[in-house]
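Chemist: Take a look at this one; I'll ask things after.
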Amino acid sequence: MLDLSSNHLTGEIPKNLERLTLLLELDLHENRISGGIPVEVGKLSKLTRLDLGANNMGGTIPGEIGDCRQLWYLNLSKNMLNTTIPSNLGNLHSLAYLDLSYNMLSGEIPWHIGSLRSLERMNLSRNNLSGSIPPSFNERVSLRSIDISCNQLVGPLPKIVAFQNASLEELRDNKDLCSNNHTSMRPCSSLRRKERTSRKLILTLTLSLIVVALLLLVITCILFRTKRKRNRSIQPREPSSNSFSVRDFDGKIAYENIIAATENFDGKYCIGKGGHGSVYKVELPCGQVVAVKKVHALEDEESDDNLIKSFSTEIQALVNIRHRNIVKLYGFCSHARHSFLVYELLEGGNLSQNLSNESRARDLDWLKRVDIVKGVANALCYLHHACSPPIVHRDISSNNVLLDDEGNPHVSDFGTAKLLRPNSTNWTSFAGTLGYVAPELAYTMKVNEKSDVYSFGILSLEVIIGHHPGDIIQATLSSSPASGANGTLLKELIDKRTLAPGKQEAEELMKITKLAFACLHQSPLARPSMKQVCASLSKENWPSKGLLSTVTLGQLLESTLLTC
């Protein structure tokens with residue numbers, strides 16, 4: 001991370017910045033930096049946050065920024081940037097925050113910006129943008145807030161909630177925007193009907209419509225009463241409390257759309273099954289494709305309203321989670337007949353599938369595998385230490401880590417996740433995947449963050465070895481220090497399906513293995529926290545026990561707690 005913000009720095013950004021290939025965050029906002037944004041920024045492939053706001057930079061926005069595929073935060077506001085917004089920004093599929101306000105940008109908003117599937121906040125105000133807002137924004141259900149004021153935009157507002165619920169301040173001073181749903185905007189209907197139509201024709205049409213409306217009302221009443229009688233005979237219990245909440249959608253409409261799109265959860269739409277539910281691929285009417293997990297736990301018609309309320313409260317907290325290594329939960333529907341969760345769809349498969357497939361495992365080189373371990377660690381650290389109250393996942397396994405099309409990990413499946421209230425005992429029924437569950441849960445059902453830490457240790461070894469490490473853990477942790485198991489070389493255990501690791505990769509593997517063993521301590525209190533794990537993983541000068549070719553498991557087991 002490089003943070004030089006709020007200083008009095010002058011001059012231009014040096015082009016040799018491209019050498020910082022491992023840089024994750026660059027913050028230079030509120031300085032007096034001039035010149036243009038160097039195209040070399042596009043070579044910072046690991047960059048997740050770029051803030052150059054409130055400077056004196058001019059020229060164009062380089063399209064090469066679109067090569068920073070990990071970027072989730074981009075702020076170029078309050079500069080003197082001109083010309084157009086590059087369409088290459090549409091390549092930033094992880095981008096959640098975009099601020100280009102207070103510049104001199106012109107031209108139209110690129111269609112590709114509306115295709116950013118993770119975009120949540122967008123500020124394009126105080127520019128000279130023209131044309132209409134691309135229809136691709138009609139599919140951007142992730143968008144939560146916008147500001148497009150003080151431009152030259154025309155035409156209809158997109159139909160999603162972010163635009164329709166925007167304040168007049170966020171839409172004002174444009175050329176000719178309209179909306180049929182926004183109360184403060186001019187309707188998009190064509191010019192007022194010409195008043196040359198004869199009064200006789202209007203009266204005739206009005207009477208005809210009244211007659212038709214009355215007929216439809218009578219028919220509707222008859223059909224409704226018939227359907228109500230039929231439903232009473234089929235459904236003995238009508239739920240008194242149903243909950244529907246899908247972000248940027250009317251929940252009840254979303255419920256009906258999902259039931260229709262899956263043909264009442266027909267098996268042909270099922271793309272996976274787990275212990276807590278089945279996952280379906282669903283294309284919504286707006287064109288967005290999502291993953292819908294039909295939850296087993298609430299499908300029993302005997303489930304009472306208190307259980308549905310409890311489910312709704314816990315899931316609502318999970319909807320608010322925003323982290324680049326956690327699958328986005330768009331919302332939920334809890335109903336007496338069907339209860340399901342609506343997730344972001346990632347089609348790279350889960351980690352277990354990738355490790356068990358020979359060709360996919362070969363493609364997972366050591367840098368990717370190290371990034372997977374770090375990504376899962378960051379996600380758990382966020383859940384345990386950044387959420388209030390903390391959230392324990394309770395089912396960390398290779399089945400519940402999904403990969404996107406670039407191999408980035410995303411923790412999924414909060415079907416068993418539990419909000420950890422500080423004053424509660426958090427005794428709960430057994431949950432988790434066999435082979436990943438902490439040993440203390442065999443004799444106590446008290447759940448805390450250290451249960452996830454243990455599961456993370458198993459997962460980390462699985463990534464390095466290429467399969468579940470159960471036999472190795474049993475032989476190593478249950479043996480005496482002088483046993484043959486502890487004398488096993490680490491190089492003999494790592495996955496041979498990918499190329500041999502280089503020096504830097506080898507050091508990372510030794511570090512991960514040592515941390516994994518620390519996470520697998522029999523005593524929960526002796527395990528490190530996920531914050532400690534993340535801190536250790538980010539250390540560059542980590543004390544090594546030797547070369548990968550000579551280090552043994554016994555050496556990595558020694559003094560594990562001192563390193564964490």
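How things are named: the first chain in the structure tokens is A, the next is B, and so on; residues count from 1 in each chain; ligands count from 1 in the order shown.
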Taking the chain letters and numbering used in this document, name the residues of segment 481-554 of chain A that DSSP puts in helix (DSSP H, G or I), as a VMD selection string.
Modeler: chain A and resid 485 to 487 490 to 492 503 to 519 524 to 526 530 to 538 553 to 554
Chemist: Selected residues, N, CA and C atoms, written as a short mmCIF file (atom, residue, chain, number, x, y, z; two decimals), in the first residue's frame, please.
Modeler:
data_model
loop_
_atom_site.label_atom_id
_atom_site.label_comp_id
_atom_site.auth_asym_id
_atom_site.auth_seq_id
_atom_site.Cartn_x
_atom_site.Cartn_y
_atom_site.Cartn_z
N ALA A 485 6.85 -39.40 10.47
CA ALA A 485 5.94 -38.49 9.77
C ALA A 485 6.47 -37.07 9.81
N ASN A 486 7.03 -36.66 10.95
CA ASN A 486 7.54 -35.30 11.06
C ASN A 486 8.82 -35.10 10.27
N GLY A 487 9.45 -36.18 9.87
CA GLY A 487 10.66 -36.07 9.06
C GLY A 487 10.38 -36.00 7.57
N LEU A 490 8.66 -31.40 2.89
CA LEU A 490 7.51 -30.71 2.33
C LEU A 490 7.46 -30.86 0.81
N LYS A 491 8.62 -30.88 0.15
CA LYS A 491 8.66 -30.97 -1.31
C LYS A 491 8.03 -32.27 -1.83
N GLU A 492 8.01 -33.32 -0.95
CA GLU A 492 7.42 -34.59 -1.36
C GLU A 492 5.89 -34.55 -1.31
N LYS A 503 11.84 -19.66 -6.17
CA LYS A 503 12.32 -19.35 -4.82
C LYS A 503 11.28 -18.58 -4.01
N GLN A 504 10.70 -17.53 -4.63
CA GLN A 504 9.70 -16.73 -3.90
C GLN A 504 8.45 -17.55 -3.60
N GLU A 505 8.03 -18.35 -4.58
CA GLU A 505 6.84 -19.18 -4.37
C GLU A 505 7.09 -20.21 -3.28
N ALA A 506 8.32 -20.78 -3.26
CA ALA A 506 8.66 -21.79 -2.25
C ALA A 506 8.58 -21.20 -0.85
N GLU A 507 9.05 -19.96 -0.68
CA GLU A 507 8.96 -19.31 0.63
C GLU A 507 7.50 -19.11 1.04
N GLU A 508 6.66 -18.76 0.09
CA GLU A 508 5.24 -18.59 0.38
C GLU A 508 4.61 -19.92 0.82
N LEU A 509 5.00 -21.00 0.15
CA LEU A 509 4.44 -22.32 0.49
C LEU A 509 4.86 -22.74 1.89
N MET A 510 6.12 -22.49 2.25
CA MET A 510 6.57 -22.83 3.60
C MET A 510 5.83 -22.00 4.64
N LYS A 511 5.63 -20.72 4.33
CA LYS A 511 4.91 -19.84 5.24
C LYS A 511 3.47 -20.33 5.44
N ILE A 512 2.79 -20.65 4.34
CA ILE A 512 1.40 -21.10 4.41
C ILE A 512 1.28 -22.40 5.19
N THR A 513 2.23 -23.34 4.94
CA THR A 513 2.19 -24.63 5.64
C THR A 513 2.37 -24.44 7.13
N LYS A 514 3.31 -23.57 7.52
CA LYS A 514 3.55 -23.32 8.94
C LYS A 514 2.31 -22.70 9.60
N LEU A 515 1.69 -21.72 8.91
CA LEU A 515 0.49 -21.09 9.45
C LEU A 515 -0.67 -22.09 9.52
N ALA A 516 -0.75 -22.97 8.53
CA ALA A 516 -1.82 -23.98 8.52
C ALA A 516 -1.73 -24.87 9.74
N PHE A 517 -0.51 -25.32 10.07
CA PHE A 517 -0.33 -26.16 11.25
C PHE A 517 -0.69 -25.40 12.53
N ALA A 518 -0.39 -24.09 12.57
CA ALA A 518 -0.77 -23.29 13.74
C ALA A 518 -2.29 -23.23 13.87
N CYS A 519 -2.99 -23.14 12.74
CA CYS A 519 -4.46 -23.09 12.75
C CYS A 519 -5.08 -24.41 13.18
N PRO A 524 -8.51 -24.52 20.82
CA PRO A 524 -8.96 -23.32 20.08
C PRO A 524 -8.25 -22.06 20.53
N LEU A 525 -7.96 -21.94 21.83
CA LEU A 525 -7.32 -20.73 22.35
C LEU A 525 -5.90 -20.57 21.81
N ALA A 526 -5.27 -21.68 21.44
CA ALA A 526 -3.89 -21.63 20.96
C ALA A 526 -3.81 -21.31 19.46
N MET A 530 -7.75 -14.80 12.63
CA MET A 530 -7.58 -14.59 11.19
C MET A 530 -6.86 -13.26 10.92
N LYS A 531 -6.96 -12.32 11.85
CA LYS A 531 -6.20 -11.06 11.69
C LYS A 531 -4.71 -11.35 11.78
N GLN A 532 -4.32 -12.22 12.73
CA GLN A 532 -2.92 -12.60 12.85
C GLN A 532 -2.45 -13.38 11.62
N VAL A 533 -3.31 -14.25 11.11
CA VAL A 533 -2.96 -15.02 9.91
C VAL A 533 -2.71 -14.08 8.73
N CYS A 534 -3.61 -13.13 8.53
CA CYS A 534 -3.45 -12.19 7.41
C CYS A 534 -2.18 -11.37 7.55
N ALA A 535 -1.88 -10.95 8.78
CA ALA A 535 -0.66 -10.17 9.01
C ALA A 535 0.57 -10.98 8.67
N SER A 536 0.58 -12.27 9.05
CA SER A 536 1.72 -13.13 8.75
C SER A 536 1.84 -13.39 7.25
N LEU A 537 0.72 -13.58 6.58
CA LEU A 537 0.76 -13.84 5.13
C LEU A 537 1.27 -12.63 4.36
N SER A 538 1.07 -11.43 4.89
CA SER A 538 1.48 -10.22 4.18
C SER A 538 2.93 -9.84 4.45
N LEU A 553 8.31 -31.38 7.67
CA LEU A 553 7.07 -30.99 8.37
C LEU A 553 7.35 -30.73 9.84
N GLY A 554 8.26 -31.49 10.43
CA GLY A 554 8.61 -31.30 11.83
C GLY A 554 9.18 -29.92 12.09
#
Chemist: Once you count only C-alpha atoms, what closest atom pair and distance in Å to one decimal does each residue of segment 17-87 of chain A within 12 Å of segment 371-393 of chain A have, with rows by chain and rising residue number, as a Markdown table?
Modeler:
| residue | atom | partner | partner_atom | distance |
| --- | --- | --- | --- | --- |
| A:Leu22 | CA | A:Asp371 | CA | 11.8 |
| A:Lys46 | CA | A:Asp371 | CA | 10.5 |
| A:Gln70 | CA | A:Gly375 | CA | 11.9 |
Chemist: Find the spatial neighbours of Leu351 of chain A, counting only C-alpha atoms, within a cut-off of 8 Å - ignore same-chain residues fewer than 4 positions away - and output them as an MDAnalysis selection string.
Modeler: chainID A and resid 355 398:403
Chemist: Could you write out the selected residues, including C-alpha atoms, as a PDB file, in the first residue's frame?
Modeler:
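The resulting file, out.pdb, is shown below:
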ATOM      1  CA  LEU A 355      -8.278 -29.436  -7.701  1.00  0.00           C
ATOM      2  CA  SER A 398     -13.072 -26.355  -0.835  1.00  0.00           C
ATOM      3  CA  ASN A 399     -16.688 -26.850  -1.933  1.00  0.00           C
ATOM      4  CA  ASN A 400     -17.567 -23.404  -0.597  1.00  0.00           C
ATOM      5  CA  VAL A 401     -14.767 -21.441  -2.270  1.00  0.00           C
ATOM      6  CA  LEU A 402     -15.795 -20.401  -5.792  1.00  0.00           C
ATOM      7  CA  LEU A 403     -13.390 -19.157  -8.471  1.00  0.00           C
TER       8      LEU A 403
END
Chemist: Using Å and a single decimal, report how far atom CA of Tyr454 of chain A sits from atom CA of His521 of chain A.
Modeler: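 If I compute the distance from atom CA of His521 of chain A to atom CA of Tyr454 of chain A, I get 7.7 Å.
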Chemist: As JSON, numbers by chain, list the residues of segment 336-415 of chain A assigned to strand (DSSP E or B) by DSSP on the backbone atoms of this structure.
Modeler: {"A": [339, 340, 341, 342, 343, 344, 350, 391, 392, 401, 402, 403, 409, 410, 411]}
Chemist: Between A:Gln555, A:Asn55, A:Ser455, A:Ser6, single out the one closest to Ile37 of chain A, counting only C-alpha atoms.
Modeler: A:Asn55
Chemist: Which distance in Å separates atom CA of Leu74 of chain A and atom CA of Gly53 of chain A, to one decimal?
Modeler: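 Spanning atom CA of Leu74 of chain A to atom CA of Gly53 of chain A is a straight-line distance of 9.1 Å.
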Chemist: For Arg497 of chain A, please output as a list in words all residues within 10 Å (counting only C-alpha atoms; exclusion window: fewer than 2 positions along the same chain).
Modeler: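 My list of contacting residues is Leu355, Glu358, Ser359, Arg360, Ala361, Arg362, Asp363, Leu364, Asp365, Ile465, Gly466, Ile494, Asp495, Leu499 and Ala500 of chain A.
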